[in-house]
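Everything below belongs to entry.csv, which stores CSV, C-alpha atoms.
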chain,number,residue,atom,x,y,z
A,212,MET,CA,0.0,0.0,0.0
A,213,ASN,CA,1.1,3.6,-0.6
A,214,GLN,CA,3.0,4.9,2.4
A,215,HIS,CA,0.6,7.8,3.0
A,216,LEU,CA,-2.4,5.5,2.9
A,217,GLN,CA,-0.6,3.0,5.2
A,218,ASN,CA,0.0,5.8,7.8
A,219,ILE,CA,-3.7,6.6,7.7
A,220,ALA,CA,-4.7,3.0,8.1
A,221,ASP,CA,-2.4,2.6,11.1
A,222,LEU,CA,-4.0,5.7,12.7
A,223,ILE,CA,-7.5,4.3,12.1
A,224,ASN,CA,-6.5,0.9,13.7
A,225,GLN,CA,-5.1,2.7,16.7
A,226,SER,CA,-8.1,4.9,17.1
A,227,SER,CA,-10.4,4.2,20.1
A,228,GLN,CA,-13.2,6.4,18.8
A,229,LEU,CA,-14.1,4.0,15.9
A,230,ASN,CA,-15.7,0.7,16.3
A,231,GLU,CA,-14.4,-2.4,14.4
A,232,GLU,CA,-17.0,-2.2,11.7
A,233,ASP,CA,-16.2,1.4,10.9
A,234,LYS,CA,-12.5,0.6,10.9
A,235,THR,CA,-13.0,-2.3,8.5
A,236,SER,CA,-15.1,-0.2,6.2
A,237,ILE,CA,-12.5,2.7,6.1
A,238,ILE,CA,-9.6,0.3,5.7
A,239,SER,CA,-11.4,-1.3,2.8
A,240,GLY,CA,-11.9,2.1,1.2
A,241,LEU,CA,-8.2,2.9,1.6
A,242,LYS,CA,-7.2,-0.4,-0.1
A,243,LYS,CA,-9.5,0.4,-3.0
A,244,ALA,CA,-8.0,3.9,-3.2
A,245,ASP,CA,-4.5,2.4,-3.1
A,246,LYS,CA,-5.5,0.0,-5.9
A,247,ASP,CA,-6.9,2.8,-8.0
A,248,LEU,CA,-3.8,4.8,-7.4
A,249,LEU,CA,-1.6,2.0,-8.6
A,250,ILE,CA,-3.7,1.6,-11.7
A,251,SER,CA,-3.4,5.4,-12.3
A,252,GLU,CA,0.3,5.3,-11.8
A,253,PHE,CA,0.6,2.4,-14.3
A,254,LYS,CA,-1.5,4.2,-16.8
A,255,LEU,CA,0.5,7.4,-16.4
A,256,GLU,CA,3.7,5.5,-16.8
A,257,ARG,CA,2.4,3.9,-19.9
A,258,THR,CA,1.2,7.2,-21.3
A,259,GLU,CA,4.7,8.7,-20.7
A,260,LYS,CA,6.2,5.8,-22.6
A,261,VAL,CA,3.8,6.3,-25.5
A,262,LYS,CA,4.6,10.0,-25.5
A,263,ARG,CA,8.3,9.3,-25.6
A,264,THR,CA,7.8,6.7,-28.4
A,265,THR,CA,5.6,9.1,-30.3
A,266,ALA,CA,8.1,11.9,-30.0
A,267,ILE,CA,10.8,9.7,-31.3
A,268,LEU,CA,8.7,8.5,-34.2
A,269,LEU,CA,7.6,12.1,-35.0
A,270,GLU,CA,11.2,13.2,-35.0
A,271,GLU,CA,12.1,10.4,-37.4
A,272,THR,CA,9.1,11.2,-39.6
A,273,ILE,CA,10.0,14.9,-39.8
A,274,GLU,CA,13.5,14.0,-40.7
A,275,GLU,CA,12.3,11.6,-43.4
A,276,LEU,CA,9.8,14.1,-44.8
A,277,GLU,CA,12.6,16.7,-44.9
A,278,GLN,CA,14.7,14.3,-46.9
A,279,LYS,CA,11.8,13.6,-49.2
A,280,ARG,CA,11.2,17.3,-49.6
A,281,LYS,CA,14.8,17.9,-50.6
A,282,ALA,CA,14.7,14.9,-53.0
A,283,ILE,CA,11.5,16.4,-54.6
A,284,GLU,CA,13.2,19.8,-54.9
A,285,ASP,CA,16.2,18.2,-56.5
A,286,SER,CA,13.9,16.2,-58.9
A,287,ASN,CA,12.1,19.4,-59.8
A,288,ASP,CA,15.3,21.2,-60.5
A,289,ALA,CA,16.4,18.3,-62.7
A,290,LEU,CA,13.1,18.3,-64.5
A,291,GLN,CA,13.2,22.0,-65.0
A,292,LYS,CA,16.7,21.7,-66.5
A,293,SER,CA,15.5,18.8,-68.7
A,294,LEU,CA,12.5,20.8,-69.8
A,295,GLN,CA,14.7,23.8,-70.8
A,296,GLU,CA,17.0,21.5,-72.7
A,297,LEU,CA,14.1,19.8,-74.5
A,298,LYS,CA,12.7,23.2,-75.4
A,299,ALA,CA,16.1,24.3,-76.8
A,300,ALA,CA,16.3,21.0,-78.7
A,301,GLN,CA,12.8,21.4,-80.0
A,302,LYS,CA,13.7,24.9,-81.3
A,303,GLN,CA,16.8,23.5,-83.0
A,304,LEU,CA,14.7,20.7,-84.6
A,305,ILE,CA,12.1,23.1,-85.8
A,306,GLN,CA,14.8,25.3,-87.4
A,307,SER,CA,16.4,22.2,-88.9
A,308,GLU,CA,13.1,21.2,-90.4
A,309,LYS,CA,12.6,24.7,-91.8
A,310,MET,CA,16.1,24.7,-93.3
A,311,ALA,CA,15.5,21.3,-94.8
A,312,SER,CA,12.3,22.5,-96.5
A,313,LEU,CA,14.2,25.7,-97.6
A,314,GLY,CA,16.7,23.3,-99.3
A,315,GLU,CA,13.8,21.8,-101.1
A,316,LEU,CA,12.8,25.3,-102.3
A,317,THR,CA,16.3,26.5,-103.3
A,318,ALA,CA,16.3,25.1,-106.9
A,319,GLY,CA,12.7,26.3,-107.4
A,320,ILE,CA,13.6,29.8,-106.1
A,321,ALA,CA,16.6,29.9,-108.5
A,322,HIS,CA,14.2,29.0,-111.4
A,323,GLU,CA,11.6,31.6,-110.4
A,324,ILE,CA,14.2,34.3,-109.9
A,325,GLN,CA,15.8,33.6,-113.3
A,326,ASN,CA,12.6,34.4,-115.2
A,327,PRO,CA,12.2,38.0,-114.0
A,328,LEU,CA,16.0,38.5,-114.2
A,329,ASN,CA,15.9,37.5,-117.9
A,330,PHE,CA,13.1,40.1,-118.5
A,331,VAL,CA,15.1,42.8,-116.6
A,332,ASN,CA,18.2,42.0,-118.7
A,333,ASN,CA,16.3,41.9,-122.0
A,334,PHE,CA,14.4,45.1,-121.4
A,335,SER,CA,17.5,46.8,-120.2
A,336,GLU,CA,19.4,46.0,-123.4
A,337,VAL,CA,16.5,47.1,-125.6
A,338,SER,CA,16.1,50.3,-123.6
A,339,LYS,CA,19.8,51.0,-124.1
A,340,GLU,CA,19.4,50.6,-127.8
A,341,LEU,CA,16.4,52.8,-127.8
A,342,LEU,CA,18.2,55.6,-125.9
A,343,GLU,CA,21.1,55.4,-128.4
A,344,GLU,CA,18.5,55.7,-131.2
A,345,MET,CA,16.9,58.7,-129.4
A,346,LEU,CA,20.3,60.5,-129.3
A,347,GLU,CA,20.6,60.1,-133.0
A,348,GLU,CA,17.0,61.5,-133.6
A,349,LEU,CA,17.8,64.4,-131.2
A,350,GLN,CA,20.8,65.3,-133.4
A,351,ASN,CA,18.5,65.0,-136.5
A,352,GLY,CA,15.9,67.2,-134.8
A,353,ASP,CA,13.1,64.7,-135.3
A,354,MET,CA,11.2,65.4,-132.0
A,355,GLU,CA,8.2,63.3,-133.0
A,356,GLU,CA,10.4,60.2,-133.2
A,357,VAL,CA,12.2,61.2,-130.0
A,358,GLN,CA,8.8,61.3,-128.1
A,359,ALA,CA,7.8,57.9,-129.6
A,360,ILE,CA,11.1,56.3,-128.5
A,361,ALA,CA,10.8,58.0,-125.0
A,362,GLN,CA,7.4,56.3,-124.6
A,363,ASP,CA,8.9,52.9,-125.5
A,364,VAL,CA,11.7,53.5,-123.0
A,365,ILE,CA,9.1,54.4,-120.3
A,366,GLN,CA,7.1,51.2,-121.0
A,367,ASN,CA,10.3,49.1,-120.8
A,368,LEU,CA,11.3,50.7,-117.5
A,369,GLU,CA,7.8,49.9,-116.1
A,370,LYS,CA,8.3,46.3,-117.2
A,371,ILE,CA,11.8,46.3,-115.6
A,372,ALA,CA,10.3,47.6,-112.3
A,373,HIS,CA,7.5,45.0,-112.4
A,374,HIS,CA,9.9,42.1,-112.9
A,375,GLY,CA,12.4,43.5,-110.4
A,376,LYS,CA,9.6,43.6,-107.8
A,377,ARG,CA,8.7,40.1,-108.7
A,378,ALA,CA,12.3,38.9,-108.0
A,379,ASP,CA,12.3,41.0,-104.8
A,380,GLY,CA,9.1,39.3,-103.7
A,381,ILE,CA,10.6,35.8,-104.2
A,382,VAL,CA,13.6,36.7,-102.2
A,383,LYS,CA,11.5,38.1,-99.4
A,384,GLY,CA,9.4,35.0,-99.4
A,385,MET,CA,12.5,32.9,-99.1
A,386,LEU,CA,13.8,35.0,-96.2
A,387,GLN,CA,10.4,34.8,-94.5
A,388,HIS,CA,10.4,31.1,-94.8
A,389,SER,CA,13.9,30.7,-93.3
A,390,ARG,CA,13.7,33.1,-90.4
A,391,SER,CA,12.0,32.4,-87.1
A,392,SER,CA,8.4,33.2,-87.1
A,393,SER,CA,7.4,36.3,-85.2
A,394,GLY,CA,3.9,34.8,-84.8
A,395,ALA,CA,2.4,38.0,-86.1
A,396,LYS,CA,-0.7,37.5,-88.3
A,397,GLU,CA,-1.1,39.3,-91.6
A,398,ASN,CA,-4.0,39.7,-94.0
A,399,THR,CA,-2.7,37.3,-96.7
A,400,ASN,CA,-4.1,36.2,-100.1
A,401,ILE,CA,-4.2,32.5,-99.6
A,402,ASN,CA,-4.5,31.7,-103.3
A,403,ILE,CA,-1.3,33.6,-104.2
A,404,LEU,CA,0.5,32.0,-101.3
A,405,VAL,CA,-0.5,28.4,-102.2
A,406,ASP,CA,0.2,29.0,-105.9
A,407,GLU,CA,3.7,30.3,-105.2
A,408,TYR,CA,4.7,27.4,-103.0
A,409,LEU,CA,3.3,24.9,-105.5
A,410,ARG,CA,5.5,26.3,-108.3
A,411,LEU,CA,8.5,26.6,-106.1
A,412,ALA,CA,8.2,23.0,-104.9
A,413,TYR,CA,7.6,21.7,-108.4
A,414,HIS,CA,10.6,23.5,-109.9
A,415,GLY,CA,12.7,22.5,-107.0
A,416,LEU,CA,11.9,18.8,-107.5
A,417,ARG,CA,12.4,19.1,-111.3
A,418,ALA,CA,15.9,20.7,-110.7
A,419,LYS,CA,16.9,17.7,-108.6
A,420,ASP,CA,15.3,15.1,-110.9
A,421,LYS,CA,14.9,16.1,-114.5
A,422,SER,CA,13.0,12.9,-115.3
A,423,PHE,CA,10.2,13.8,-112.9
A,424,ASN,CA,7.1,15.4,-114.3
A,425,ALA,CA,3.6,15.8,-112.9
A,426,ALA,CA,0.3,17.3,-114.1
A,427,LEU,CA,-0.6,20.2,-111.8
A,428,ASP,CA,-4.4,20.6,-111.3
A,429,THR,CA,-5.3,23.8,-109.6
A,430,HIS,CA,-8.7,25.3,-108.6
A,431,PHE,CA,-8.5,28.5,-106.6
A,432,ASP,CA,-11.7,30.0,-105.3
A,433,ASP,CA,-11.6,33.7,-106.4
A,434,SER,CA,-14.2,34.6,-103.8
A,435,ILE,CA,-11.4,34.2,-101.2
A,436,LYS,CA,-9.9,37.6,-100.7
A,437,THR,CA,-7.5,37.7,-97.7
A,438,ILE,CA,-7.3,35.7,-94.5
A,439,ASN,CA,-5.6,36.7,-91.2
A,440,ILE,CA,-2.7,34.2,-90.8
A,441,VAL,CA,1.0,33.9,-90.0
A,442,PRO,CA,2.0,33.6,-93.7
A,443,GLN,CA,5.4,31.9,-93.3
A,444,ASP,CA,3.8,29.3,-91.0
A,445,ILE,CA,0.9,28.4,-93.3
A,446,GLY,CA,3.3,28.5,-96.2
A,447,ARG,CA,5.4,26.0,-94.4
A,448,VAL,CA,2.4,23.7,-94.0
A,449,VAL,CA,1.4,24.0,-97.6
A,450,LEU,CA,5.0,23.4,-98.8
A,451,ASN,CA,5.2,20.2,-96.7
A,452,LEU,CA,1.9,18.8,-98.0
A,453,ILE,CA,2.8,19.6,-101.6
A,454,THR,CA,6.3,18.2,-101.3
A,455,ASN,CA,4.9,15.0,-99.8
A,456,ALA,CA,2.4,14.8,-102.6
A,457,PHE,CA,5.2,15.0,-105.2
A,458,TYR,CA,7.2,12.5,-103.3
A,459,ALA,CA,4.3,10.0,-103.3
A,460,CYS,CA,3.8,10.4,-107.0
A,461,ASN,CA,7.5,10.0,-107.7
A,462,GLU,CA,7.7,6.8,-105.7
A,463,LYS,CA,4.7,5.4,-107.6
A,464,LYS,CA,6.2,6.4,-110.9
A,465,LYS,CA,9.3,4.3,-110.0
A,466,LEU,CA,7.1,1.2,-110.1
A,467,HIS,CA,6.7,1.7,-113.9
A,468,ILE,CA,2.9,1.1,-113.8
A,469,ASN,CA,1.5,1.1,-117.3
A,470,GLY,CA,-0.5,4.2,-118.0
A,471,TYR,CA,0.3,5.9,-114.8
A,472,GLU,CA,0.6,9.7,-114.9
A,473,PRO,CA,1.4,11.6,-111.7
A,474,ILE,CA,-1.2,14.2,-110.9
A,475,VAL,CA,-1.2,16.7,-107.9
A,476,SER,CA,-4.3,18.7,-107.3
A,477,VAL,CA,-4.4,21.8,-105.2
A,478,LYS,CA,-7.6,23.6,-104.4
A,479,THR,CA,-8.9,26.4,-102.2
A,480,LYS,CA,-12.6,26.8,-101.3
A,481,LYS,CA,-14.5,29.3,-99.3
A,482,GLN,CA,-17.2,27.9,-97.0
A,483,LYS,CA,-19.4,29.6,-94.4
A,484,ASP,CA,-16.9,30.5,-91.7
A,485,ASN,CA,-13.9,28.7,-93.1
A,486,ILE,CA,-11.7,28.3,-96.1
A,487,SER,CA,-10.2,25.0,-97.0
A,488,ILE,CA,-7.0,24.1,-98.8
A,489,SER,CA,-6.8,20.7,-100.4
A,490,VAL,CA,-3.7,18.9,-101.6
A,491,LYS,CA,-4.3,15.6,-103.4
A,492,ASP,CA,-2.1,13.1,-105.1
A,493,ASN,CA,-2.6,9.9,-107.1
A,494,GLY,CA,0.4,8.1,-105.5
A,495,ASN,CA,0.5,4.9,-103.5
A,496,GLY,CA,-1.6,6.1,-100.6
A,497,ILE,CA,-0.8,5.7,-96.9
A,498,PRO,CA,-1.0,2.2,-95.4
A,499,GLN,CA,-3.9,1.9,-92.9
A,500,LYS,CA,-1.5,0.4,-90.3
A,501,VAL,CA,0.5,3.6,-90.1
A,502,LEU,CA,-2.3,6.2,-90.7
A,503,ASP,CA,-2.8,6.9,-87.0
A,504,LYS,CA,0.9,7.7,-86.6
A,505,ILE,CA,1.5,10.2,-89.4
A,506,PHE,CA,1.1,13.3,-87.2
A,507,GLN,CA,3.4,11.9,-84.4
A,508,PRO,CA,6.8,13.6,-84.1
A,509,PHE,CA,9.7,11.8,-85.8
A,510,PHE,CA,7.4,9.3,-87.6
A,511,THR,CA,8.3,8.9,-91.3
A,512,THR,CA,7.8,6.3,-93.9
A,513,LYS,CA,10.7,7.8,-96.0
A,514,PRO,CA,14.1,6.1,-96.0
A,515,THR,CA,16.8,7.2,-93.6
A,516,GLY,CA,18.2,10.6,-94.5
A,517,GLN,CA,15.2,11.6,-96.6
A,518,GLY,CA,12.9,12.9,-93.9
A,519,THR,CA,13.0,14.3,-90.4
A,520,GLY,CA,9.5,13.0,-89.4
A,521,LEU,CA,8.7,16.5,-88.1
A,522,GLY,CA,6.9,17.9,-91.2
A,523,LEU,CA,3.3,16.7,-90.5
A,524,SER,CA,3.7,17.0,-86.7
A,525,LEU,CA,4.7,20.7,-87.0
A,526,SER,CA,2.0,21.2,-89.6
A,527,TYR,CA,-0.6,19.9,-87.2
A,528,ASP,CA,0.6,22.2,-84.5
A,529,ILE,CA,0.6,25.3,-86.8
A,530,ILE,CA,-2.9,24.6,-88.0
A,531,LYS,CA,-4.2,24.0,-84.5
A,532,ALA,CA,-2.6,27.2,-83.3
A,533,HIS,CA,-4.6,29.0,-86.1
A,534,GLY,CA,-7.8,27.4,-84.7
A,535,GLY,CA,-8.1,25.1,-87.7
A,536,THR,CA,-8.0,21.4,-88.5
A,537,ILE,CA,-6.1,19.2,-90.8
A,538,ASP,CA,-7.6,15.9,-92.0
A,539,VAL,CA,-6.5,13.1,-94.3
A,540,THR,CA,-8.3,10.6,-96.5
A,541,THR,CA,-6.3,7.9,-98.3
A,542,LYS,CA,-6.7,4.7,-100.2
A,543,GLU,CA,-3.8,2.4,-100.9
A,544,ASN,CA,-2.7,2.3,-104.5
A,545,GLU,CA,-5.0,5.2,-105.4
A,546,GLY,CA,-3.7,8.3,-103.5
A,547,THR,CA,-4.0,10.7,-100.6
A,548,GLU,CA,-5.8,14.0,-99.9
A,549,PHE,CA,-5.0,16.4,-97.0
A,550,ILE,CA,-7.5,19.1,-96.3
A,551,ILE,CA,-6.7,22.1,-94.2
A,552,SER,CA,-9.6,24.1,-92.8
A,553,LEU,CA,-9.0,27.6,-91.4
A,554,PRO,CA,-11.5,30.0,-89.8
A,555,THR,CA,-12.0,33.2,-91.8
A,556,ASN,CA,-12.5,35.2,-88.6
A,557,ASN,CA,-9.0,34.4,-87.4
A,558,LYS,CA,-8.2,37.5,-85.2
A,559,GLU,CA,-4.9,38.8,-83.8

When written as structure tokens, how does the structure in this file appear?
Amino acid sequence: MNQHLQNIADLINQSSQLNEEDKTSIISGLKKADKDLLISEFKLERTEKVKRTTAILLEETIEELEQKRKAIEDSNDALQKSLQELKAAQKQLIQSEKMASLGELTAGIAHEIQNPLNFVNNFSEVSKELLEEMLEELQNGDMEEVQAIAQDVIQNLEKIAHHGKRADGIVKGMLQHSRSSSGAKENTNINILVDEYLRLAYHGLRAKDKSFNAALDTHFDDSIKTINIVPQDIGRVVLNLITNAFYACNEKKKLHINGYEPIVSVKTKKQKDNISISVKDNGNGIPQKVLDKIFQPFFTTKPTGQGTGLGLSLSYDIIKAHGGTIDVTTKENEGTEFIISLPTNNKE
């Protein structure tokens, strides 16, 4: 029994003022109190042990959480670094794809520039001869003939200016295609843009392979005036689709199928709130087993070294960024058609 309770019990036993029954009752109560006190002390001791154990576990948990927090921070730093590296690599790949397509255009650009340069050279030579003739007529005093020659020279100079601007436009288009897009939209005549890239792509392929030839079937909707787009980006998409169409036709021609004549059709059409651009070929078509993969980055059916696998992927992203869609229908051994749909209310 607890010492203090024991002292009380001894005093009660020695007391002459209490009868035996009262003493027995009080002593019984003291024993019960002693028992309860022992139980309380046991529970208190157990509680202290639990508190100490909990404190240890909590300290270990806090330390473990701190380690995990640091590990997560380190992982985040590593992920951020990887993300930056991936973005840089993506920009390089996009630029590589642009330069690869520019390479496809180079021969076509040279061909297109040569035509206006020929006109400039020819009209310059004729104008020089006319001016020499004018000097003779001035010496002869025939002012009527001088005026007639002067009109001819003016007309020639107008033609020189026209073809000079044409060559300048081709060069500017080439620079627009090669430089990084500013993302600025411009009111653009989609028919002129599509027609220009079609010719450049065709002459570019012809320059690399003189044996290649294809019928070009074009239908441009004259009701389409201008549309607000990023011209170098949409031009890049059109170029990619047209180049792919020529490639498909060329591959089929290599099979030497009797009666086969390559045809590439390019059409524009105005609808309610959209304009569509269609590029269709009569090549071998796209196998159904790979049709779902054609817009995936780096996927290509071309041999190694002939394609980056980024053309259609980037085209999809560009059209999506313009709020449009790009769809494909194909039939093996018959050909493929890509249809771009762009909203006419494409705002800045």

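Distance-wise, atom CA of Lys298 of chain A and atom CA of Tyr527 of chain A end up 18.1 Å apart.
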
Exercise: segment 500-506 of chain A partners within 6 Å, only C-alpha atoms, chain neighbours under 2 positions left out, as a list in words: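 Surrounding residues, per the criterion: Pro498, Leu523 and Ser524 of chain A.
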
All residues 12 Å or closer to Ala426 of chain A, all atoms listed in the file, same chain fewer than 5 positions away omitted, as an MDAnalysis selection string: chainID A and resid 409:410 413 456:457 460 471:477 491:493

With C-alpha atoms retained, export the selected residues as a PDB file, keeping the file's coordinate frame.
ATOM      1  CA  LEU A 409       3.300  24.900-105.500  1.00  0.00           C
ATOM      2  CA  ARG A 410       5.500  26.300-108.300  1.00  0.00           C
ATOM      3  CA  TYR A 413       7.600  21.700-108.400  1.00  0.00           C
ATOM      4  CA  ALA A 456       2.400  14.800-102.600  1.00  0.00           C
ATOM      5  CA  PHE A 457       5.200  15.000-105.200  1.00  0.00           C
ATOM      6  CA  CYS A 460       3.800  10.400-107.000  1.00  0.00           C
ATOM      7  CA  TYR A 471       0.300   5.900-114.800  1.00  0.00           C
ATOM      8  CA  GLU A 472       0.600   9.700-114.900  1.00  0.00           C
ATOM      9  CA  PRO A 473       1.400  11.600-111.700  1.00  0.00           C
ATOM     10  CA  ILE A 474      -1.200  14.200-110.900  1.00  0.00           C
ATOM     11  CA  VAL A 475      -1.200  16.700-107.900  1.00  0.00           C
ATOM     12  CA  SER A 476      -4.300  18.700-107.300  1.00  0.00           C
ATOM     13  CA  VAL A 477      -4.400  21.800-105.200  1.00  0.00           C
ATOM     14  CA  LYS A 491      -4.300  15.600-103.400  1.00  0.00           C
ATOM     15  CA  ASP A 492      -2.100  13.100-105.100  1.00  0.00           C
ATOM     16  CA  ASN A 493      -2.600   9.900-107.100  1.00  0.00           C
TER      17      ASN A 493
END

Separation of atom CA of Lys436 of chain A from atom CA of Pro327 of chain A, in Å and rounded to one decimal: 25.8 Å

Nearest candidate to Asp428 of chain A (options A:Thr272, A:Thr258, A:Gln366, A:Thr479; using all atoms listed in the file):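 Answer, going by the shortest atom-to-atom distance: A:Thr479.
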
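Atom CA of Ile497 of chain A to atom CA of Val539 of chain A spans 9.7 Å [interatomic distance, one decimal].
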
Nearest candidate to His533 of chain A (options A:Ile438, A:Val364, A:Leu553, A:Ile488; using all atoms listed in the file):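 The shortest atom-to-atom distance to His533 of chain A comes from A:Leu553.
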
Selected residue, from A:Asn351, A:Thr264, A:Thr555, A:Asn287, that lies nearest to Asn398 of chain A when counting all atoms listed in the file: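 Closest residue, counting all atoms listed in the file: A:Thr555.
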
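Considering all atoms listed in the file, the residue among A:Ala300, A:Leu411, A:Leu404, A:Ala359 positioned nearest to Ile440 of chain A is A:Leu404.
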
Selected residue of minimal separation from Lys396 of chain A among A:Asn439, A:Ser236, A:Gln325, A:Ser422, counting all atoms listed in the file: A:Asn439

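Candidate residues A:Ile250, A:Leu525, A:Ile453, A:Val357 were compared for distance to Gly415 of chain A, and the nearest is A:Ile453, using all atoms listed in the file.
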